Amino acid sequence: MAFYSFLEFYPQEVLAQSYHWGLKAVSNETELPINTFPVKCPYSIAQVLDGEFLPDIIDL
């Protein structure tokens, strides 16, 4: 049962880790400070996986 419990939160963990890596990459690419961008991914797992979801512009 604990294995399934782990799987329940796995997508959120992967999203958080990927977003963190993405922050580093975009900061390096744009030469903007990393604190220019939101610390946490502003989108839910459902939004990220929704092929028709179009995010609004984020006010940085």
# chains A, B, ... in the order shown; residues from 1 in each chain; ligands from 1
>>> select_by_dssp(residues="chain A", states="alpha helix (DSSP H)", output="count of residues only")
34
>>> residues_around(residues="Ile34 (chain A)", least_positions_apart="5", cutoff="10 Å", atoms="only C-alpha atoms", output="ChimeraX atom specification")
/A:20,23-28,39
>>> write_last_selection(atoms="C-alpha atoms", output="compact mmCIF listing (two decimals), in the first residue's frame")
# COMPACT_ATOMS: atom_id res chain seq x y z
CA HIS A 20 13.57 23.89 -10.59
CA LEU A 23 14.48 27.82 -13.70
CA LYS A 24 18.23 27.32 -13.77
CA ALA A 25 18.20 26.79 -17.53
CA VAL A 26 16.04 29.82 -18.32
CA SER A 27 18.06 31.99 -15.95
CA ASN A 28 21.28 30.97 -17.73
CA VAL A 39 9.80 29.99 -7.09
>>> closest_residue(among="A:Asp56, A:Glu29, A:Ile45, A:Gly51", to="Tyr10 (chain A)", atoms="only C-alpha atoms")
A:Ile45
>>> residues_around(residues="Ala16 (chain A)", least_positions_apart="5", cutoff="12 Å", atoms="only C-alpha atoms", output="list in words")
Phe9, Tyr10, Pro11, Trp21, Gly22, Leu23, Pro38, Val39, Lys40, Cys41, Pro42, Tyr43, Ser44, Ile45 and Val48 of chain A
>>> write_last_selection(atoms="N, CA and C atoms", output="CSV table (one decimal), in the first residue's frame")
chain,number,residue,atom,x,y,z
A,9,PHE,N,1.9,11.0,-5.2
A,9,PHE,CA,2.6,12.3,-5.1
A,9,PHE,C,3.8,12.4,-6.1
A,10,TYR,N,4.1,11.3,-6.8
A,10,TYR,CA,5.2,11.3,-7.8
A,10,TYR,C,5.1,12.4,-8.8
A,11,PRO,N,3.9,12.6,-9.5
A,11,PRO,CA,3.8,13.6,-10.5
A,11,PRO,C,4.2,15.0,-10.0
A,21,TRP,N,14.9,22.7,-12.3
A,21,TRP,CA,15.9,22.6,-13.3
A,21,TRP,C,15.6,23.6,-14.4
A,22,GLY,N,14.4,23.8,-14.8
A,22,GLY,CA,14.0,24.7,-15.9
A,22,GLY,C,14.3,26.1,-15.5
A,23,LEU,N,14.1,26.5,-14.2
A,23,LEU,CA,14.5,27.8,-13.7
A,23,LEU,C,16.0,28.1,-13.9
A,38,PRO,N,8.9,32.8,-10.8
A,38,PRO,CA,8.2,32.3,-9.7
A,38,PRO,C,9.0,31.1,-9.1
A,39,VAL,N,9.0,31.0,-7.8
A,39,VAL,CA,9.8,30.0,-7.1
A,39,VAL,C,9.2,28.6,-7.4
A,40,LYS,N,7.9,28.5,-7.3
A,40,LYS,CA,7.2,27.3,-7.6
A,40,LYS,C,6.4,27.4,-8.9
A,41,CYS,N,6.3,26.2,-9.5
A,41,CYS,CA,5.5,26.2,-10.8
A,41,CYS,C,4.1,26.7,-10.5
A,42,PRO,N,3.7,27.7,-11.3
A,42,PRO,CA,2.4,28.3,-11.0
A,42,PRO,C,1.2,27.5,-11.6
A,43,TYR,N,1.5,26.3,-12.1
A,43,TYR,CA,0.4,25.5,-12.8
A,43,TYR,C,0.3,24.2,-12.0
A,44,SER,N,-0.9,23.7,-12.0
A,44,SER,CA,-1.2,22.4,-11.4
A,44,SER,C,-0.8,21.2,-12.4
A,45,ILE,N,-0.7,20.0,-11.8
A,45,ILE,CA,-0.4,18.9,-12.7
A,45,ILE,C,-1.5,18.8,-13.8
A,48,VAL,N,-0.8,21.2,-16.5
A,48,VAL,CA,0.4,20.9,-17.3
A,48,VAL,C,0.1,19.7,-18.2
